[in-house]
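Source file final17.cif; content: mmCIF, C-alpha atoms; chains and numbers go by the auth columns.
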data_query
loop_
_atom_site.group_PDB
_atom_site.id
_atom_site.type_symbol
_atom_site.label_atom_id
_atom_site.label_comp_id
_atom_site.label_asym_id
_atom_site.label_seq_id
_atom_site.Cartn_x
_atom_site.Cartn_y
_atom_site.Cartn_z
_atom_site.B_iso_or_equiv
_atom_site.auth_seq_id
_atom_site.auth_asym_id
ATOM 1 C CA MET A 1 -5.014 13.700 -0.804 0.00 284 A
ATOM 2 C CA ILE A 2 -6.253 10.945 -3.098 0.00 285 A
ATOM 3 C CA GLU A 3 -9.937 10.991 -3.904 0.00 286 A
ATOM 4 C CA LEU A 4 -12.107 8.519 -5.824 0.00 287 A
ATOM 5 C CA ARG A 5 -15.208 10.044 -7.373 0.00 288 A
ATOM 6 C CA ASN A 6 -18.032 7.849 -8.677 0.00 289 A
ATOM 7 C CA VAL A 7 -15.571 5.055 -9.429 0.00 290 A
ATOM 8 C CA TRP A 8 -16.709 1.836 -11.040 0.00 291 A
ATOM 9 C CA PHE A 9 -14.331 -0.937 -12.088 0.00 292 A
ATOM 10 C CA SER A 10 -14.877 -4.024 -14.208 0.00 293 A
ATOM 11 C CA TYR A 11 -12.368 -6.658 -15.320 0.00 294 A
ATOM 12 C CA VAL A 12 -14.656 -7.951 -18.059 0.00 295 A
ATOM 13 C CA ASP A 13 -18.128 -7.541 -19.590 0.00 296 A
ATOM 14 C CA ASN A 14 -19.449 -4.833 -17.262 0.00 297 A
ATOM 15 C CA ARG A 15 -19.386 -7.187 -14.281 0.00 298 A
ATOM 16 C CA TYR A 16 -18.470 -4.516 -11.799 0.00 299 A
ATOM 17 C CA VAL A 17 -16.085 -5.362 -8.969 0.00 300 A
ATOM 18 C CA LEU A 18 -16.302 -1.790 -7.638 0.00 301 A
ATOM 19 C CA LYS A 19 -19.603 0.085 -7.731 0.00 302 A
ATOM 20 C CA ASP A 20 -19.960 3.855 -7.354 0.00 303 A
ATOM 21 C CA ILE A 21 -17.050 4.335 -4.953 0.00 304 A
ATOM 22 C CA ASN A 22 -16.724 7.800 -3.416 0.00 305 A
ATOM 23 C CA ILE A 23 -13.970 8.191 -0.855 0.00 306 A
ATOM 24 C CA SER A 24 -10.977 10.346 0.022 0.00 307 A
ATOM 25 C CA PHE A 25 -7.737 9.192 1.605 0.00 308 A
ATOM 26 C CA GLU A 26 -6.137 11.873 3.779 0.00 309 A
ATOM 27 C CA ARG A 27 -2.987 11.923 5.891 0.00 310 A
ATOM 28 C CA GLY A 28 -2.888 9.121 8.427 0.00 311 A
ATOM 29 C CA VAL A 29 -3.748 5.423 8.201 0.00 312 A
ATOM 30 C CA THR A 30 -6.920 4.157 6.518 0.00 313 A
ATOM 31 C CA VAL A 31 -7.740 0.453 6.796 0.00 314 A
ATOM 32 C CA ILE A 32 -9.971 -1.252 4.237 0.00 315 A
ATOM 33 C CA MET A 33 -11.836 -4.309 5.529 0.00 316 A
ATOM 34 C CA GLY A 34 -14.457 -6.664 4.168 0.00 317 A
ATOM 35 C CA PRO A 35 -15.113 -10.301 3.266 0.00 318 A
ATOM 36 C CA ASN A 36 -13.113 -12.156 0.630 0.00 319 A
ATOM 37 C CA GLY A 37 -14.197 -11.124 -2.848 0.00 320 A
ATOM 38 C CA SER A 38 -15.605 -7.786 -1.731 0.00 321 A
ATOM 39 C CA GLY A 39 -13.204 -5.791 -3.941 0.00 322 A
ATOM 40 C CA LYS A 40 -10.640 -4.671 -1.344 0.00 323 A
ATOM 41 C CA THR A 41 -7.512 -5.355 -3.399 0.00 324 A
ATOM 42 C CA THR A 42 -9.104 -3.926 -6.534 0.00 325 A
ATOM 43 C CA LEU A 43 -9.961 -0.743 -4.630 0.00 326 A
ATOM 44 C CA LEU A 44 -6.365 -0.533 -3.410 0.00 327 A
ATOM 45 C CA LYS A 45 -5.043 -0.887 -6.965 0.00 328 A
ATOM 46 C CA VAL A 46 -7.436 1.721 -8.365 0.00 329 A
ATOM 47 C CA ALA A 47 -6.603 4.183 -5.571 0.00 330 A
ATOM 48 C CA SER A 48 -2.869 3.670 -6.138 0.00 331 A
ATOM 49 C CA CYS A 49 -3.275 4.295 -9.887 0.00 332 A
ATOM 50 C CA ILE A 50 -2.286 0.791 -10.964 0.00 333 A
ATOM 51 C CA TYR A 51 -5.734 0.151 -12.451 0.00 334 A
ATOM 52 C CA ARG A 52 -7.633 2.757 -14.415 0.00 335 A
ATOM 53 C CA PRO A 53 -11.291 2.901 -13.358 0.00 336 A
ATOM 54 C CA THR A 54 -13.871 1.821 -15.904 0.00 337 A
ATOM 55 C CA LYS A 55 -15.903 4.880 -14.920 0.00 338 A
ATOM 56 C CA GLY A 56 -15.198 7.773 -12.579 0.00 339 A
ATOM 57 C CA GLU A 57 -12.141 9.766 -11.581 0.00 340 A
ATOM 58 C CA VAL A 58 -9.061 9.333 -9.405 0.00 341 A
ATOM 59 C CA ILE A 59 -7.996 12.746 -8.115 0.00 342 A
ATOM 60 C CA ILE A 60 -4.519 13.277 -6.641 0.00 343 A
ATOM 61 C CA ASP A 61 -3.929 16.660 -5.001 0.00 344 A
ATOM 62 C CA ASN A 62 -6.862 18.119 -6.983 0.00 345 A
ATOM 63 C CA THR A 63 -5.497 16.722 -10.257 0.00 346 A
ATOM 64 C CA PRO A 64 -7.433 14.106 -12.329 0.00 347 A
ATOM 65 C CA TYR A 65 -4.671 11.515 -12.654 0.00 348 A
ATOM 66 C CA TRP A 66 -5.852 9.666 -15.754 0.00 349 A
ATOM 67 C CA ARG A 67 -6.262 12.873 -17.778 0.00 350 A
ATOM 68 C CA LEU A 68 -2.552 13.682 -17.453 0.00 351 A
ATOM 69 C CA SER A 69 0.181 12.987 -19.981 0.00 352 A
ATOM 70 C CA GLU A 70 2.295 9.862 -19.474 0.00 353 A
ATOM 71 C CA GLN A 71 5.191 11.973 -18.225 0.00 354 A
ATOM 72 C CA ARG A 72 3.047 13.763 -15.640 0.00 355 A
ATOM 73 C CA ARG A 73 1.512 10.463 -14.526 0.00 356 A
ATOM 74 C CA LEU A 74 5.019 9.088 -14.003 0.00 357 A
ATOM 75 C CA GLU A 75 5.843 12.046 -11.766 0.00 358 A
ATOM 76 C CA TYR A 76 2.883 11.177 -9.547 0.00 359 A
ATOM 77 C CA ARG A 77 3.623 7.452 -9.679 0.00 360 A
ATOM 78 C CA ARG A 78 7.077 8.140 -8.215 0.00 361 A
ATOM 79 C CA LYS A 79 5.311 9.388 -5.056 0.00 362 A
ATOM 80 C CA ILE A 80 3.185 6.232 -4.737 0.00 363 A
ATOM 81 C CA VAL A 81 4.199 2.767 -3.562 0.00 364 A
ATOM 82 C CA TYR A 82 1.965 -0.311 -3.728 0.00 365 A
ATOM 83 C CA LEU A 83 2.957 -3.470 -1.869 0.00 366 A
ATOM 84 C CA HIS A 84 1.385 -6.751 -3.002 0.00 367 A
ATOM 85 C CA GLU A 85 0.158 -9.320 -0.492 0.00 368 A
ATOM 86 C CA LYS A 86 2.465 -11.886 -2.092 0.00 369 A
ATOM 87 C CA PRO A 87 5.888 -10.215 -2.235 0.00 370 A
ATOM 88 C CA ILE A 88 7.309 -9.732 -5.716 0.00 371 A
ATOM 89 C CA LEU A 89 11.104 -9.442 -5.775 0.00 372 A
ATOM 90 C CA LEU A 90 13.632 -8.983 -8.551 0.00 373 A
ATOM 91 C CA LYS A 91 16.351 -11.466 -9.390 0.00 374 A
ATOM 92 C CA GLY A 92 19.659 -10.869 -7.648 0.00 375 A
ATOM 93 C CA ARG A 93 20.696 -9.896 -4.140 0.00 376 A
ATOM 94 C CA VAL A 94 18.463 -8.466 -1.442 0.00 377 A
ATOM 95 C CA GLU A 95 20.443 -5.216 -1.312 0.00 378 A
ATOM 96 C CA GLU A 96 19.825 -4.656 -5.036 0.00 379 A
ATOM 97 C CA ASN A 97 16.110 -5.302 -4.528 0.00 380 A
ATOM 98 C CA ILE A 98 15.791 -2.757 -1.740 0.00 381 A
ATOM 99 C CA ALA A 99 17.819 -0.182 -3.680 0.00 382 A
ATOM 100 C CA TYR A 100 15.797 -0.533 -6.891 0.00 383 A
ATOM 101 C CA GLY A 101 13.316 2.261 -6.204 0.00 384 A
ATOM 102 C CA LEU A 102 16.132 4.614 -5.221 0.00 385 A
ATOM 103 C CA THR A 103 18.123 3.772 -8.343 0.00 386 A
ATOM 104 C CA ILE A 104 15.279 4.566 -10.761 0.00 387 A
ATOM 105 C CA ARG A 105 14.715 7.834 -8.910 0.00 388 A
ATOM 106 C CA GLY A 106 18.278 8.941 -9.614 0.00 389 A
ATOM 107 C CA TYR A 107 20.065 8.276 -6.316 0.00 390 A
ATOM 108 C CA ASP A 108 23.781 7.602 -6.733 0.00 391 A
ATOM 109 C CA LYS A 109 25.139 4.247 -5.603 0.00 392 A
ATOM 110 C CA ARG A 110 26.694 5.516 -2.368 0.00 393 A
ATOM 111 C CA GLU A 111 23.613 7.392 -1.193 0.00 394 A
ATOM 112 C CA ALA A 112 21.336 4.485 -2.126 0.00 395 A
ATOM 113 C CA SER A 113 23.537 2.039 -0.195 0.00 396 A
ATOM 114 C CA LYS A 114 23.416 4.271 2.890 0.00 397 A
ATOM 115 C CA LYS A 115 19.611 4.391 2.820 0.00 398 A
ATOM 116 C CA VAL A 116 19.352 0.653 2.216 0.00 399 A
ATOM 117 C CA HIS A 117 21.510 -0.121 5.235 0.00 400 A
ATOM 118 C CA GLU A 118 19.523 2.302 7.411 0.00 401 A
ATOM 119 C CA ILE A 119 16.185 0.625 6.651 0.00 402 A
ATOM 120 C CA ALA A 120 17.771 -2.841 6.888 0.00 403 A
ATOM 121 C CA ARG A 121 19.083 -2.050 10.376 0.00 404 A
ATOM 122 C CA TYR A 122 15.673 -0.747 11.442 0.00 405 A
ATOM 123 C CA LEU A 123 13.934 -3.918 10.229 0.00 406 A
ATOM 124 C CA ASN A 124 16.772 -6.111 11.535 0.00 407 A
ATOM 125 C CA ILE A 125 17.477 -7.670 8.137 0.00 408 A
ATOM 126 C CA VAL A 126 21.101 -6.595 7.586 0.00 409 A
ATOM 127 C CA ASN A 127 22.001 -10.288 7.581 0.00 410 A
ATOM 128 C CA LEU A 128 19.882 -10.749 4.455 0.00 411 A
ATOM 129 C CA LEU A 129 21.466 -8.047 2.276 0.00 412 A
ATOM 130 C CA ASN A 130 23.948 -10.312 0.500 0.00 413 A
ATOM 131 C CA LYS A 131 21.550 -13.215 0.073 0.00 414 A
ATOM 132 C CA ARG A 132 19.819 -13.976 -3.189 0.00 415 A
ATOM 133 C CA ALA A 133 16.160 -12.986 -3.118 0.00 416 A
ATOM 134 C CA SER A 134 15.157 -16.390 -4.463 0.00 417 A
ATOM 135 C CA ASP A 135 16.661 -18.100 -1.397 0.00 418 A
ATOM 136 C CA LEU A 136 14.518 -16.253 1.152 0.00 419 A
ATOM 137 C CA SER A 137 11.567 -17.589 3.116 0.00 420 A
ATOM 138 C CA ILE A 138 8.138 -16.056 2.444 0.00 421 A
ATOM 139 C CA GLY A 139 8.403 -13.986 5.646 0.00 422 A
ATOM 140 C CA GLU A 140 11.859 -12.719 4.694 0.00 423 A
ATOM 141 C CA LYS A 141 10.610 -11.818 1.226 0.00 424 A
ATOM 142 C CA GLN A 142 7.793 -9.811 2.778 0.00 425 A
ATOM 143 C CA LEU A 143 10.259 -7.886 4.943 0.00 426 A
ATOM 144 C CA VAL A 144 12.464 -7.151 1.932 0.00 427 A
ATOM 145 C CA ALA A 145 9.473 -5.966 -0.074 0.00 428 A
ATOM 146 C CA LEU A 146 8.477 -3.712 2.844 0.00 429 A
ATOM 147 C CA ALA A 147 12.015 -2.349 3.057 0.00 430 A
ATOM 148 C CA ARG A 148 11.992 -1.594 -0.684 0.00 431 A
ATOM 149 C CA ALA A 149 8.675 0.237 -0.277 0.00 432 A
ATOM 150 C CA LEU A 150 9.707 2.227 2.775 0.00 433 A
ATOM 151 C CA VAL A 151 13.250 3.168 1.762 0.00 434 A
ATOM 152 C CA ILE A 152 12.052 5.722 -0.807 0.00 435 A
ATOM 153 C CA ASP A 153 9.912 7.490 1.819 0.00 436 A
ATOM 154 C CA PRO A 154 6.779 7.612 -0.381 0.00 437 A
ATOM 155 C CA GLU A 155 4.050 10.204 0.067 0.00 438 A
ATOM 156 C CA TYR A 156 1.375 7.572 -0.576 0.00 439 A
ATOM 157 C CA LEU A 157 1.787 4.007 0.677 0.00 440 A
ATOM 158 C CA PHE A 158 -0.654 1.207 -0.202 0.00 441 A
ATOM 159 C CA LEU A 159 -0.215 -2.116 1.620 0.00 442 A
ATOM 160 C CA ASP A 160 -2.124 -5.342 0.963 0.00 443 A
ATOM 161 C CA GLU A 161 -2.043 -7.584 4.083 0.00 444 A
ATOM 162 C CA PRO A 162 1.461 -6.343 5.052 0.00 445 A
ATOM 163 C CA LEU A 163 1.844 -8.532 8.166 0.00 446 A
ATOM 164 C CA SER A 164 0.380 -11.806 6.926 0.00 447 A
ATOM 165 C CA HIS A 165 3.665 -13.793 6.801 0.00 448 A
ATOM 166 C CA LEU A 166 5.572 -12.174 9.684 0.00 449 A
ATOM 167 C CA HIS A 167 6.472 -13.448 13.153 0.00 450 A
ATOM 168 C CA MET A 168 5.194 -11.433 16.118 0.00 451 A
ATOM 169 C CA SER A 169 8.509 -9.664 16.811 0.00 452 A
ATOM 170 C CA LYS A 170 8.689 -8.454 13.204 0.00 453 A
ATOM 171 C CA ARG A 171 5.010 -7.465 13.212 0.00 454 A
ATOM 172 C CA GLU A 172 5.571 -5.204 16.214 0.00 455 A
ATOM 173 C CA ARG A 173 8.411 -3.377 14.452 0.00 456 A
ATOM 174 C CA ILE A 174 6.340 -2.820 11.311 0.00 457 A
ATOM 175 C CA ILE A 175 3.341 -1.620 13.333 0.00 458 A
ATOM 176 C CA GLU A 176 5.605 0.832 15.157 0.00 459 A
ATOM 177 C CA LEU A 177 6.926 2.103 11.838 0.00 460 A
ATOM 178 C CA ILE A 178 3.479 2.527 10.264 0.00 461 A
ATOM 179 C CA ARG A 179 2.203 4.361 13.347 0.00 462 A
ATOM 180 C CA SER A 180 5.059 6.844 12.952 0.00 463 A
ATOM 181 C CA MET A 181 3.904 7.762 9.420 0.00 464 A
ATOM 182 C CA LYS A 182 1.131 10.134 10.484 0.00 465 A
ATOM 183 C CA ASN A 183 2.218 12.772 7.962 0.00 466 A
ATOM 184 C CA LYS A 184 1.863 10.299 5.074 0.00 467 A
ATOM 185 C CA ILE A 185 -1.176 8.813 3.372 0.00 468 A
ATOM 186 C CA VAL A 186 -1.171 5.104 4.229 0.00 469 A
ATOM 187 C CA VAL A 187 -3.920 2.742 3.047 0.00 470 A
ATOM 188 C CA ILE A 188 -3.947 -0.874 4.233 0.00 471 A
ATOM 189 C CA VAL A 189 -6.082 -3.860 3.293 0.00 472 A
ATOM 190 C CA THR A 190 -6.280 -6.343 6.154 0.00 473 A
ATOM 191 C CA HIS A 191 -8.515 -8.804 7.993 0.00 474 A
ATOM 192 C CA ASP A 192 -6.451 -8.239 11.157 0.00 475 A
ATOM 193 C CA ILE A 193 -8.686 -6.605 13.777 0.00 476 A
ATOM 194 C CA PHE A 194 -5.797 -6.102 16.224 0.00 477 A
ATOM 195 C CA LEU A 195 -3.737 -4.310 13.584 0.00 478 A
ATOM 196 C CA THR A 196 -6.715 -2.145 12.671 0.00 479 A
ATOM 197 C CA LEU A 197 -7.418 -1.115 16.260 0.00 480 A
ATOM 198 C CA THR A 198 -3.729 -0.401 16.781 0.00 481 A
ATOM 199 C CA ILE A 199 -2.977 1.837 13.812 0.00 482 A
ATOM 200 C CA ALA A 200 -6.115 2.940 11.941 0.00 483 A
ATOM 201 C CA ASN A 201 -7.372 6.520 11.936 0.00 484 A
ATOM 202 C CA LYS A 202 -10.268 5.515 9.681 0.00 485 A
ATOM 203 C CA VAL A 203 -11.863 2.236 8.638 0.00 486 A
ATOM 204 C CA VAL A 204 -13.624 1.586 5.337 0.00 487 A
ATOM 205 C CA VAL A 205 -15.830 -1.508 5.112 0.00 488 A
ATOM 206 C CA LEU A 206 -16.443 -2.899 1.652 0.00 489 A
ATOM 207 C CA ASP A 207 -19.007 -5.521 0.631 0.00 490 A
ATOM 208 C CA GLU A 208 -19.857 -6.721 -2.884 0.00 491 A
ATOM 209 C CA GLY A 209 -17.946 -3.814 -4.384 0.00 492 A
ATOM 210 C CA ARG A 210 -19.701 -1.071 -2.429 0.00 493 A
ATOM 211 C CA ILE A 211 -18.648 0.938 0.598 0.00 494 A
ATOM 212 C CA ILE A 212 -21.100 0.133 3.387 0.00 495 A
ATOM 213 C CA GLN A 213 -19.358 1.886 6.294 0.00 496 A
ATOM 214 C CA ILE A 214 -16.722 4.544 6.883 0.00 497 A
ATOM 215 C CA GLY A 215 -15.729 5.717 10.304 0.00 498 A
ATOM 216 C CA ASN A 216 -13.919 5.382 13.594 0.00 499 A
ATOM 217 C CA PRO A 217 -12.236 1.971 14.009 0.00 500 A
ATOM 218 C CA GLN A 218 -13.396 1.448 17.608 0.00 501 A
ATOM 219 C CA HIS A 219 -17.019 2.134 16.686 0.00 502 A
ATOM 220 C CA ILE A 220 -17.059 0.001 13.543 0.00 503 A
ATOM 221 C CA LEU A 221 -15.120 -2.930 14.978 0.00 504 A
ATOM 222 C CA LYS A 222 -17.130 -2.998 18.205 0.00 505 A
ATOM 223 C CA LYS A 223 -20.261 -3.536 16.108 0.00 506 A
ATOM 224 C CA LYS A 224 -18.453 -6.119 13.987 0.00 507 A
ATOM 225 C CA ILE A 225 -17.246 -8.099 17.016 0.00 508 A
ATOM 226 C CA ILE A 226 -20.698 -8.051 18.635 0.00 509 A
ATOM 227 C CA LYS A 227 -22.237 -9.432 15.454 0.00 510 A
#

Would you write the structure of this file as structure tokens?
Amino acid sequence: MIELRNVWFSYVDNRYVLKDINISFERGVTVIMGPNGSGKTTLLKVASCIYRPTKGEVIIDNTPYWRLSEQRRLEYRRKIVYLHEKPILLKGRVEENIAYGLTIRGYDKREASKKVHEIARYLNIVNLLNKRASDLSIGEKQLVALARALVIDPEYLFLDEPLSHLHMSKRERIIELIRSMKNKIVVIVTHDIFLTLTIANKVVVLDEGRIIQIGNPQHILKKKIIK
């Protein structure tokens, strides 16, 4: 479990983007929703231990993450994957990009290649493996970034608008995959009501840096649609 306790976050001059956030992320899929500028992406980055909170604690499996040594923090970071809304790929071929997380975790070349081809077949992107990442379309880059995130089988997966650049056929495959990850902790930022109703176990609604609702997706989104 990842828990945020009394978390505040400011980029500059005590202008808080997150204000007194208290929430836990358990196994299953949590969707974070809210208007633009409400702090959704910042919350995702704090919860995934990319940003250190200005005040408050991030607790992973009952351990205060930011009180740990650098080595211990790295051990936890290896269990966490964060996927940006705009895919960020390395230079070189697609296969090398997808294998990167496996390589830094000590997988040998043969085992890494096997896992890369497995996830590429599942996402139907085997044809992209020998292409240069810089030559891909934005949708293809998003699929490659997803493959790189999923291939290491992370315990904690944080996704920022993961379907925004994908065609419907690809969206369906990703939704199917996320729905199968019930034993993982998956946190998604999205404006997509259909995606939320399809996969979310819990919805968190953020506004002006504060949590204003937490609960069942059908209940929260029914009220939202009526409004």

Looking at only C-alpha atoms, which of A:Arg356, A:Lys397, A:His448, A:Arg361 is the one that sits closest to A:Ile381?
->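 Closest to A:Ile381 of all the choices is A:Lys397.
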
Selection under test: the PyMOL selection byres ((chain A and resi 306) around 8); residues as an MDAnalysis selection string = chainID A and resid 286:288 304:305 307:308

Leaving out A:Lys398 and any residue of its chain fewer than 2 positions from it, which residues lie within 10 Å of it when counting only C-alpha atoms, given as a ChimeraX atom specification?
-> /A:381-382,385,390,393-396,400-404,434-435

Selection under test: the PyMOL selection byres ((chain A and resi 337-343) around 8); residues as number ranges by chain = A: 284-293, 329-330, 332, 335-336, 344-349

So, counting only C-alpha atoms, which residue among A:Asn499, A:Thr325, A:Arg388, A:His450 is closest to A:Lys362?
->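 That would be A:Arg388, the residue with the smallest distance to A:Lys362.
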
Atom CA of A:Gly375 and atom CA of A:Leu446 are how many Å apart?
->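 If I compute the distance from atom CA of A:Gly375 to atom CA of A:Leu446, I get 23.9 Å.
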
With only C-alpha atoms as the atoms that count, which of A:Gly422, A:Gly389, A:Gly492, A:Pro437 lies nearest to A:Lys369?
->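 Counting only C-alpha atoms, the residue closest to A:Lys369 is A:Gly422.
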
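Between atom CA of A:Thr479 and atom CA of A:Lys302 the separation is 24.2 Å.
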
In Å to one decimal, how far is atom CA of A:Tyr359 from atom CA of A:Gly498?
->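 Answer for the atom CA of A:Gly498 to atom CA of A:Tyr359 separation: 27.8 Å.
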
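Applied to this file, the PyMOL selection byres ((chain A and resi 441) around 7) selects Leu327, Ser331, Val364, Tyr365, Leu366, Tyr439, Leu440, Leu442, Asp443, Val469, Val470 and Ile471 of chain A.
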